[in-house]
$ cat target24.pdb   # PDB, C-alpha atoms
ATOM      1  CA  MET N   1       3.644 -19.927 -44.981  1.00  0.00           C
ATOM      2  CA  THR N   2       4.628 -19.528 -41.369  1.00  0.00           C
ATOM      3  CA  SER N   3       5.399 -22.450 -39.187  1.00  0.00           C
ATOM      4  CA  VAL N   4       3.674 -22.793 -35.842  1.00  0.00           C
ATOM      5  CA  PRO N   5       6.033 -23.723 -32.983  1.00  0.00           C
ATOM      6  CA  PRO N   6       5.208 -26.941 -31.132  1.00  0.00           C
ATOM      7  CA  PRO N   7       3.677 -26.704 -27.635  1.00  0.00           C
ATOM      8  CA  ALA N   8       6.124 -26.027 -24.802  1.00  0.00           C
ATOM      9  CA  GLY N   9       6.287 -29.665 -23.706  1.00  0.00           C
ATOM     10  CA  ASP N  10       7.086 -30.911 -27.225  1.00  0.00           C
ATOM     11  CA  ARG N  11      10.212 -28.808 -27.896  1.00  0.00           C
ATOM     12  CA  PRO N  12      13.344 -30.786 -28.741  1.00  0.00           C
ATOM     13  CA  GLU N  13      16.269 -30.723 -26.318  1.00  0.00           C
ATOM     14  CA  GLY N  14      18.667 -27.864 -26.883  1.00  0.00           C
ATOM     15  CA  GLY N  15      15.962 -25.565 -28.255  1.00  0.00           C
ATOM     16  CA  PRO N  16      15.158 -22.062 -27.092  1.00  0.00           C
ATOM     17  CA  ALA N  17      12.807 -23.289 -24.355  1.00  0.00           C
ATOM     18  CA  ASP N  18      15.603 -24.706 -22.195  1.00  0.00           C
ATOM     19  CA  GLY N  19      18.121 -21.931 -22.760  1.00  0.00           C
ATOM     20  CA  GLY N  20      20.179 -23.744 -25.376  1.00  0.00           C
ATOM     21  CA  GLY N  21      20.318 -23.197 -29.083  1.00  0.00           C
ATOM     22  CA  PRO N  22      20.820 -20.035 -31.069  1.00  0.00           C
ATOM     23  CA  GLU N  23      18.411 -17.784 -29.123  1.00  0.00           C
ATOM     24  CA  GLY N  24      19.496 -18.479 -25.555  1.00  0.00           C
ATOM     25  CA  THR N  25      22.450 -19.416 -23.451  1.00  0.00           C
ATOM     26  CA  VAL N  26      22.700 -21.837 -20.593  1.00  0.00           C
ATOM     27  CA  PRO N  27      22.877 -19.907 -17.302  1.00  0.00           C
ATOM     28  CA  ALA N  28      26.131 -20.270 -15.390  1.00  0.00           C
ATOM     29  CA  GLY N  29      25.974 -21.422 -11.774  1.00  0.00           C
ATOM     30  CA  PRO N  30      23.003 -22.240  -9.558  1.00  0.00           C
ATOM     31  CA  ALA N  31      19.786 -20.293  -9.842  1.00  0.00           C
ATOM     32  CA  ARG N  32      19.160 -17.536  -7.319  1.00  0.00           C
ATOM     33  CA  PRO N  33      16.999 -18.680  -4.434  1.00  0.00           C
ATOM     34  CA  THR N  34      13.637 -16.962  -4.386  1.00  0.00           C
ATOM     35  CA  ARG N  35      12.858 -14.890  -1.325  1.00  0.00           C
ATOM     36  CA  ARG N  36       9.638 -15.774   0.435  1.00  0.00           C
ATOM     37  CA  ALA N  37       7.190 -12.895   0.737  1.00  0.00           C
ATOM     38  CA  ARG N  38       6.764 -11.512   4.220  1.00  0.00           C
ATOM     39  CA  ARG N  39       3.420 -12.365   5.771  1.00  0.00           C
ATOM     40  CA  ARG N  40       1.547  -9.229   6.761  1.00  0.00           C
ATOM     41  CA  GLY N  41      -0.567  -9.162   9.880  1.00  0.00           C
ATOM     42  CA  ALA N  42      -4.239  -8.257   9.917  1.00  0.00           C
ATOM     43  CA  ALA N  43      -3.646  -4.932  11.673  1.00  0.00           C
ATOM     44  CA  GLU N  44      -0.995  -3.892   9.167  1.00  0.00           C
ATOM     45  CA  SER N  45      -3.209  -4.789   6.218  1.00  0.00           C
ATOM     46  CA  LEU N  46      -6.332  -3.103   7.573  1.00  0.00           C
ATOM     47  CA  LEU N  47      -4.528   0.074   8.614  1.00  0.00           C
ATOM     48  CA  SER N  48      -2.776   0.413   5.265  1.00  0.00           C
ATOM     49  CA  ILE N  49      -6.153   0.105   3.521  1.00  0.00           C
ATOM     50  CA  VAL N  50      -7.513   2.932   5.689  1.00  0.00           C
ATOM     51  CA  LEU N  51      -4.535   5.166   4.890  1.00  0.00           C
ATOM     52  CA  VAL N  52      -4.817   4.555   1.143  1.00  0.00           C
ATOM     53  CA  LEU N  53      -8.525   5.420   1.307  1.00  0.00           C
ATOM     54  CA  GLU N  54      -7.632   8.596   3.187  1.00  0.00           C
ATOM     55  CA  ALA N  55      -5.074   9.511   0.527  1.00  0.00           C
ATOM     56  CA  MET N  56      -7.679   9.049  -2.203  1.00  0.00           C
ATOM     57  CA  SER N  57     -10.243  11.140  -0.346  1.00  0.00           C
ATOM     58  CA  LEU N  58      -7.630  13.830   0.308  1.00  0.00           C
ATOM     59  CA  PHE N  59      -7.394  14.334  -3.450  1.00  0.00           C
ATOM     60  CA  PHE N  60     -11.035  15.409  -3.459  1.00  0.00           C
ATOM     61  CA  VAL N  61     -10.441  17.628  -0.445  1.00  0.00           C
ATOM     62  CA  VAL N  62      -7.707  19.392  -2.414  1.00  0.00           C
ATOM     63  CA  LEU N  63     -10.164  19.972  -5.254  1.00  0.00           C
ATOM     64  CA  VAL N  64     -12.762  21.415  -2.869  1.00  0.00           C
ATOM     65  CA  VAL N  65     -10.234  23.666  -1.116  1.00  0.00           C
ATOM     66  CA  ASN N  66      -9.008  24.960  -4.466  1.00  0.00           C
ATOM     67  CA  GLY N  67     -12.511  25.336  -5.930  1.00  0.00           C
ATOM     68  CA  ARG N  68     -13.759  27.350  -2.971  1.00  0.00           C
ATOM     69  CA  GLY N  69     -10.660  29.553  -3.053  1.00  0.00           C
ATOM     70  CA  LEU N  70      -9.686  28.762   0.532  1.00  0.00           C
ATOM     71  CA  LEU N  71      -5.994  28.582  -0.410  1.00  0.00           C
ATOM     72  CA  PRO N  72      -4.005  29.719  -3.442  1.00  0.00           C
ATOM     73  CA  THR N  73      -3.950  27.101  -6.210  1.00  0.00           C
ATOM     74  CA  GLY N  74      -0.238  26.310  -5.860  1.00  0.00           C
ATOM     75  CA  VAL N  75      -0.486  25.906  -2.116  1.00  0.00           C
ATOM     76  CA  ALA N  76      -3.612  23.746  -2.340  1.00  0.00           C
ATOM     77  CA  PHE N  77      -2.246  21.372  -4.964  1.00  0.00           C
ATOM     78  CA  GLY N  78       1.368  21.386  -3.731  1.00  0.00           C
ATOM     79  CA  GLY N  79       0.444  20.822  -0.121  1.00  0.00           C
ATOM     80  CA  GLY N  80      -2.218  18.287  -1.059  1.00  0.00           C
ATOM     81  CA  LEU N  81       0.168  16.301  -3.225  1.00  0.00           C
ATOM     82  CA  ALA N  82       2.814  16.363  -0.489  1.00  0.00           C
ATOM     83  CA  ALA N  83       0.254  15.161   2.065  1.00  0.00           C
ATOM     84  CA  ILE N  84      -0.946  12.360  -0.231  1.00  0.00           C
ATOM     85  CA  VAL N  85       2.623  11.162  -0.829  1.00  0.00           C
ATOM     86  CA  ALA N  86       3.354  11.339   2.921  1.00  0.00           C
ATOM     87  CA  ILE N  87       0.245   9.290   3.721  1.00  0.00           C
ATOM     88  CA  LEU N  88       1.200   6.652   1.152  1.00  0.00           C
ATOM     89  CA  LEU N  89       4.708   6.461   2.609  1.00  0.00           C
ATOM     90  CA  VAL N  90       3.305   6.090   6.126  1.00  0.00           C
ATOM     91  CA  SER N  91       1.140   3.201   4.891  1.00  0.00           C
ATOM     92  CA  ARG N  92       4.353   1.308   4.074  1.00  0.00           C
ATOM     93  CA  THR N  93       5.728   1.686   7.641  1.00  0.00           C
ATOM     94  CA  LEU N  94       2.859   0.117   9.563  1.00  0.00           C
ATOM     95  CA  ARG N  95       4.782  -3.054  10.392  1.00  0.00           C
ATOM     96  CA  TRP N  96       6.618  -1.089  13.102  1.00  0.00           C
ATOM     97  CA  ARG N  97       5.126   0.572  16.174  1.00  0.00           C
ATOM     98  CA  TRP N  98       6.479   3.966  15.124  1.00  0.00           C
ATOM     99  CA  GLY N  99       4.630   3.535  11.809  1.00  0.00           C
ATOM    100  CA  VAL N 100       1.341   3.175  13.671  1.00  0.00           C
ATOM    101  CA  ALA N 101       2.243   6.314  15.655  1.00  0.00           C
ATOM    102  CA  LEU N 102       2.796   8.133  12.346  1.00  0.00           C
ATOM    103  CA  GLY N 103      -0.616   6.865  11.301  1.00  0.00           C
ATOM    104  CA  TRP N 104      -2.111   8.566  14.337  1.00  0.00           C
ATOM    105  CA  LEU N 105      -0.368  11.778  13.270  1.00  0.00           C
ATOM    106  CA  VAL N 106      -2.013  11.407   9.862  1.00  0.00           C
ATOM    107  CA  GLN N 107      -5.364  11.151  11.627  1.00  0.00           C
ATOM    108  CA  LEU N 108      -4.544  14.311  13.561  1.00  0.00           C
ATOM    109  CA  GLY N 109      -3.635  16.072  10.316  1.00  0.00           C
ATOM    110  CA  LEU N 110      -6.934  15.013   8.795  1.00  0.00           C
ATOM    111  CA  VAL N 111      -8.784  16.515  11.770  1.00  0.00           C
ATOM    112  CA  ALA N 112      -6.746  19.711  11.307  1.00  0.00           C
ATOM    113  CA  CYS N 113      -8.118  19.950   7.753  1.00  0.00           C
ATOM    114  CA  GLY N 114     -11.378  20.899   9.455  1.00  0.00           C
ATOM    115  CA  LEU N 115      -9.842  24.336  10.028  1.00  0.00           C
ATOM    116  CA  LEU N 116      -9.996  24.884   6.265  1.00  0.00           C
ATOM    117  CA  ASP N 117     -13.426  23.398   5.698  1.00  0.00           C
ATOM    118  CA  PRO N 118     -15.681  22.470   8.638  1.00  0.00           C
ATOM    119  CA  VAL N 119     -17.145  19.510   6.732  1.00  0.00           C
ATOM    120  CA  MET N 120     -13.733  17.877   7.123  1.00  0.00           C
ATOM    121  CA  TYR N 121     -14.449  17.421  10.829  1.00  0.00           C
ATOM    122  CA  VAL N 122     -17.164  14.941   9.879  1.00  0.00           C
ATOM    123  CA  VAL N 123     -14.946  13.178   7.331  1.00  0.00           C
ATOM    124  CA  ALA N 124     -12.071  13.062   9.823  1.00  0.00           C
ATOM    125  CA  ALA N 125     -14.324  11.690  12.552  1.00  0.00           C
ATOM    126  CA  LEU N 126     -15.379   8.855  10.245  1.00  0.00           C
ATOM    127  CA  PHE N 127     -11.799   8.027   9.289  1.00  0.00           C
ATOM    128  CA  VAL N 128     -10.581   8.184  12.901  1.00  0.00           C
ATOM    129  CA  ALA N 129     -13.383   5.810  13.907  1.00  0.00           C
ATOM    130  CA  ILE N 130     -12.491   3.404  11.079  1.00  0.00           C
ATOM    131  CA  TRP N 131      -8.768   3.668  11.957  1.00  0.00           C
ATOM    132  CA  THR N 132      -9.451   2.899  15.630  1.00  0.00           C
ATOM    133  CA  TYR N 133     -11.728  -0.022  14.815  1.00  0.00           C
ATOM    134  CA  CYS N 134      -9.205  -1.520  12.375  1.00  0.00           C
ATOM    135  CA  LEU N 135      -6.380  -1.085  14.883  1.00  0.00           C
ATOM    136  CA  VAL N 136      -8.307  -2.820  17.671  1.00  0.00           C
ATOM    137  CA  LYS N 137      -9.753  -5.650  15.576  1.00  0.00           C
ATOM    138  CA  GLY N 138      -6.560  -6.173  13.577  1.00  0.00           C
ATOM    139  CA  THR N 139      -4.532  -6.464  16.779  1.00  0.00           C
ATOM    140  CA  GLN N 140      -7.058  -8.942  18.174  1.00  0.00           C
ATOM    141  CA  LEU N 141      -6.844 -11.032  14.989  1.00  0.00           C
ATOM    142  CA  ASP N 142      -3.042 -10.957  15.053  1.00  0.00           C
ATOM    143  CA  ARG N 143      -2.999 -12.171  18.678  1.00  0.00           C
ATOM    144  CA  LEU N 144      -5.516 -14.903  17.882  1.00  0.00           C
ATOM    145  CA  ASN N 145      -3.503 -16.067  14.889  1.00  0.00           C
ATOM    146  CA  ALA N 146      -0.280 -16.002  16.924  1.00  0.00           C
ATOM    147  CA  SER N 147      -1.867 -18.184  19.618  1.00  0.00           C
ATOM    148  CA  ARG N 148      -3.212 -20.621  17.045  1.00  0.00           C
ATOM    149  CA  PHE N 149      -0.322 -20.895  14.619  1.00  0.00           C
ATOM    150  CA  GLY N 150       2.623 -19.501  16.549  1.00  0.00           C
ATOM    151  CA  PRO N 151       4.537 -16.349  15.722  1.00  0.00           C
ATOM    152  CA  GLN N 152       5.216 -15.780  12.028  1.00  0.00           C
ATOM    153  CA  PRO N 153       8.729 -14.924  10.889  1.00  0.00           C
TER     154      PRO N 153
END

$ encode --input "target24.pdb" --output "structure tokens"
Amino acid sequence: MTSVPPPAGDRPEGGPADGGGPEGTVPAGPARPTRRARRRGAAESLLSIVLVLEAMSLFFVVLVVNGRGLLPTGVAFGGGLAAIVAILLVSRTLRWRWGVALGWLVQLGLVACGLLDPVMYVVAALFVAIWTYCLVKGTQLDRLNASRFGPQP
């Protein structure tokens, strides 16, 4: 028969639950302080969502460009993968003003995809409109929150 261990609160002192006993050791020194997660603003969150959605849609653009034979397969998939990775990296830099400027360059690149397939002009126009709306509203929300609760560290 196997023995069932007692619930966590019923373990005897010196057992494995508190680091003592045969399976664990008592940690030396004080525990490391936990770092508090940085609070993201509304604009940063909304804009990163838009960029991730653009990266996902760019995958399908790569498939269309390759399927229609507009570019060689290696160029379509290599360039598409590089663009997707670049967009995802830009989405991590949106806390700084230069990150938002890079986001605008991503929007410009998406419009330039219309040179390959004219339908991309429509897709790009939608994403640029969403990007602009999220930038304006997110900035307004961040200013409102700053006036209500003070600046966040």

$ closest_residue --input "target24.pdb" --among "N:Leu88, N:Leu108, N:Val136, N:Val119" --to "Val65 in chain N" --atoms "only C-alpha atoms"
N:Val119

$ resolve_selection --input "target24.pdb" --expression "the PyMOL selection byres ((chain N and resi 131) around 9)" --output "list of chain:residue names"
N:Leu46, N:Leu47, N:Val50, N:Leu51, N:Gly103, N:Trp104, N:Gln107, N:Leu126, N:Phe127, N:Val128, N:Ala129, N:Ile130, N:Thr132, N:Tyr133, N:Cys134, N:Leu135, N:Val136

$ closest_residue --input "target24.pdb" --among "N:Leu116, N:Ile84, N:Ala55, N:Ala43" --to "Gly99 in chain N" --atoms "all atoms listed in the file"
N:Ala43

$ closest_residue --input "target24.pdb" --among "N:Leu63, N:Ala101, N:Val52, N:Arg68" --to "Val85 in chain N" --atoms "all atoms listed in the file"
N:Val52

$ residues_near_point --input "target24.pdb" --point "(-4.2, -14.7, 16.9)" --cutoff "12 Å" --atoms "all atoms listed in the file" --output "number ranges by chain"
N: 41-43, 137-152

$ atom_distance --input "target24.pdb" --atom1 "CA of Leu110 in chain N" --atom2 "CA of Ala124 in chain N"
5.6 Å

$ build_atoms --input "target24.pdb" --residues "range 43-71 of chain N" --atoms "N, CA and C atoms" --output "PDB file, keeping the file's coordinate frame"
ATOM      1  N   ALA N  43      -3.651  -6.353  11.314  1.00  0.00           N
ATOM      2  CA  ALA N  43      -3.646  -4.932  11.673  1.00  0.00           C
ATOM      3  C   ALA N  43      -2.911  -4.119  10.611  1.00  0.00           C
ATOM      4  N   GLU N  44      -1.763  -4.600  10.183  1.00  0.00           N
ATOM      5  CA  GLU N  44      -0.995  -3.892   9.167  1.00  0.00           C
ATOM      6  C   GLU N  44      -1.785  -3.753   7.867  1.00  0.00           C
ATOM      7  N   SER N  45      -2.434  -4.822   7.454  1.00  0.00           N
ATOM      8  CA  SER N  45      -3.209  -4.789   6.218  1.00  0.00           C
ATOM      9  C   SER N  45      -4.400  -3.840   6.325  1.00  0.00           C
ATOM     10  N   LEU N  46      -5.151  -3.947   7.411  1.00  0.00           N
ATOM     11  CA  LEU N  46      -6.332  -3.103   7.573  1.00  0.00           C
ATOM     12  C   LEU N  46      -5.958  -1.622   7.681  1.00  0.00           C
ATOM     13  N   LEU N  47      -4.922  -1.320   8.439  1.00  0.00           N
ATOM     14  CA  LEU N  47      -4.528   0.074   8.614  1.00  0.00           C
ATOM     15  C   LEU N  47      -3.984   0.672   7.322  1.00  0.00           C
ATOM     16  N   SER N  48      -3.267  -0.120   6.538  1.00  0.00           N
ATOM     17  CA  SER N  48      -2.776   0.413   5.265  1.00  0.00           C
ATOM     18  C   SER N  48      -3.927   0.672   4.303  1.00  0.00           C
ATOM     19  N   ILE N  49      -4.971  -0.135   4.351  1.00  0.00           N
ATOM     20  CA  ILE N  49      -6.153   0.105   3.521  1.00  0.00           C
ATOM     21  C   ILE N  49      -6.805   1.433   3.916  1.00  0.00           C
ATOM     22  N   VAL N  50      -6.907   1.684   5.217  1.00  0.00           N
ATOM     23  CA  VAL N  50      -7.513   2.932   5.689  1.00  0.00           C
ATOM     24  C   VAL N  50      -6.691   4.127   5.205  1.00  0.00           C
ATOM     25  N   LEU N  51      -5.372   4.041   5.309  1.00  0.00           N
ATOM     26  CA  LEU N  51      -4.535   5.166   4.890  1.00  0.00           C
ATOM     27  C   LEU N  51      -4.625   5.414   3.391  1.00  0.00           C
ATOM     28  N   VAL N  52      -4.687   4.371   2.594  1.00  0.00           N
ATOM     29  CA  VAL N  52      -4.817   4.555   1.143  1.00  0.00           C
ATOM     30  C   VAL N  52      -6.169   5.192   0.816  1.00  0.00           C
ATOM     31  N   LEU N  53      -7.215   4.785   1.502  1.00  0.00           N
ATOM     32  CA  LEU N  53      -8.525   5.420   1.307  1.00  0.00           C
ATOM     33  C   LEU N  53      -8.487   6.894   1.720  1.00  0.00           C
ATOM     34  N   GLU N  54      -7.772   7.197   2.776  1.00  0.00           N
ATOM     35  CA  GLU N  54      -7.632   8.596   3.187  1.00  0.00           C
ATOM     36  C   GLU N  54      -6.875   9.399   2.141  1.00  0.00           C
ATOM     37  N   ALA N  55      -5.838   8.813   1.564  1.00  0.00           N
ATOM     38  CA  ALA N  55      -5.074   9.511   0.527  1.00  0.00           C
ATOM     39  C   ALA N  55      -5.952   9.795  -0.686  1.00  0.00           C
ATOM     40  N   MET N  56      -6.791   8.829  -1.054  1.00  0.00           N
ATOM     41  CA  MET N  56      -7.679   9.049  -2.203  1.00  0.00           C
ATOM     42  C   MET N  56      -8.707  10.127  -1.888  1.00  0.00           C
ATOM     43  N   SER N  57      -9.246  10.124  -0.694  1.00  0.00           N
ATOM     44  CA  SER N  57     -10.243  11.140  -0.346  1.00  0.00           C
ATOM     45  C   SER N  57      -9.592  12.516  -0.204  1.00  0.00           C
ATOM     46  N   LEU N  58      -8.327  12.556   0.183  1.00  0.00           N
ATOM     47  CA  LEU N  58      -7.630  13.830   0.308  1.00  0.00           C
ATOM     48  C   LEU N  58      -7.496  14.522  -1.045  1.00  0.00           C
ATOM     49  N   PHE N  59      -7.429  13.754  -2.108  1.00  0.00           N
ATOM     50  CA  PHE N  59      -7.394  14.334  -3.450  1.00  0.00           C
ATOM     51  C   PHE N  59      -8.647  15.187  -3.681  1.00  0.00           C
ATOM     52  N   PHE N  60      -9.791  14.666  -3.281  1.00  0.00           N
ATOM     53  CA  PHE N  60     -11.035  15.409  -3.459  1.00  0.00           C
ATOM     54  C   PHE N  60     -11.109  16.607  -2.520  1.00  0.00           C
ATOM     55  N   VAL N  61     -10.514  16.492  -1.364  1.00  0.00           N
ATOM     56  CA  VAL N  61     -10.441  17.628  -0.445  1.00  0.00           C
ATOM     57  C   VAL N  61      -9.627  18.752  -1.080  1.00  0.00           C
ATOM     58  N   VAL N  62      -8.533  18.389  -1.732  1.00  0.00           N
ATOM     59  CA  VAL N  62      -7.707  19.392  -2.414  1.00  0.00           C
ATOM     60  C   VAL N  62      -8.529  20.104  -3.483  1.00  0.00           C
ATOM     61  N   LEU N  63      -9.325  19.354  -4.226  1.00  0.00           N
ATOM     62  CA  LEU N  63     -10.164  19.972  -5.254  1.00  0.00           C
ATOM     63  C   LEU N  63     -11.186  20.928  -4.648  1.00  0.00           C
ATOM     64  N   VAL N  64     -11.776  20.554  -3.529  1.00  0.00           N
ATOM     65  CA  VAL N  64     -12.762  21.415  -2.869  1.00  0.00           C
ATOM     66  C   VAL N  64     -12.089  22.677  -2.330  1.00  0.00           C
ATOM     67  N   VAL N  65     -10.945  22.511  -1.681  1.00  0.00           N
ATOM     68  CA  VAL N  65     -10.234  23.666  -1.116  1.00  0.00           C
ATOM     69  C   VAL N  65      -9.838  24.628  -2.229  1.00  0.00           C
ATOM     70  N   ASN N  66      -9.382  24.105  -3.347  1.00  0.00           N
ATOM     71  CA  ASN N  66      -9.008  24.960  -4.466  1.00  0.00           C
ATOM     72  C   ASN N  66     -10.243  25.597  -5.103  1.00  0.00           C
ATOM     73  N   GLY N  67     -11.303  24.830  -5.290  1.00  0.00           N
ATOM     74  CA  GLY N  67     -12.511  25.336  -5.930  1.00  0.00           C
ATOM     75  C   GLY N  67     -13.194  26.435  -5.126  1.00  0.00           C
ATOM     76  N   ARG N  68     -13.137  26.329  -3.827  1.00  0.00           N
ATOM     77  CA  ARG N  68     -13.759  27.350  -2.971  1.00  0.00           C
ATOM     78  C   ARG N  68     -12.832  28.527  -2.717  1.00  0.00           C
ATOM     79  N   GLY N  69     -11.606  28.451  -3.206  1.00  0.00           N
ATOM     80  CA  GLY N  69     -10.660  29.553  -3.053  1.00  0.00           C
ATOM     81  C   GLY N  69     -10.160  29.739  -1.636  1.00  0.00           C
ATOM     82  N   LEU N  70     -10.142  28.663  -0.858  1.00  0.00           N
ATOM     83  CA  LEU N  70      -9.686  28.762   0.532  1.00  0.00           C
ATOM     84  C   LEU N  70      -8.175  28.942   0.633  1.00  0.00           C
ATOM     85  N   LEU N  71      -7.452  28.436  -0.339  1.00  0.00           N
ATOM     86  CA  LEU N  71      -5.994  28.582  -0.410  1.00  0.00           C
ATOM     87  C   LEU N  71      -5.623  28.910  -1.854  1.00  0.00           C
TER      88      LEU N  71
END
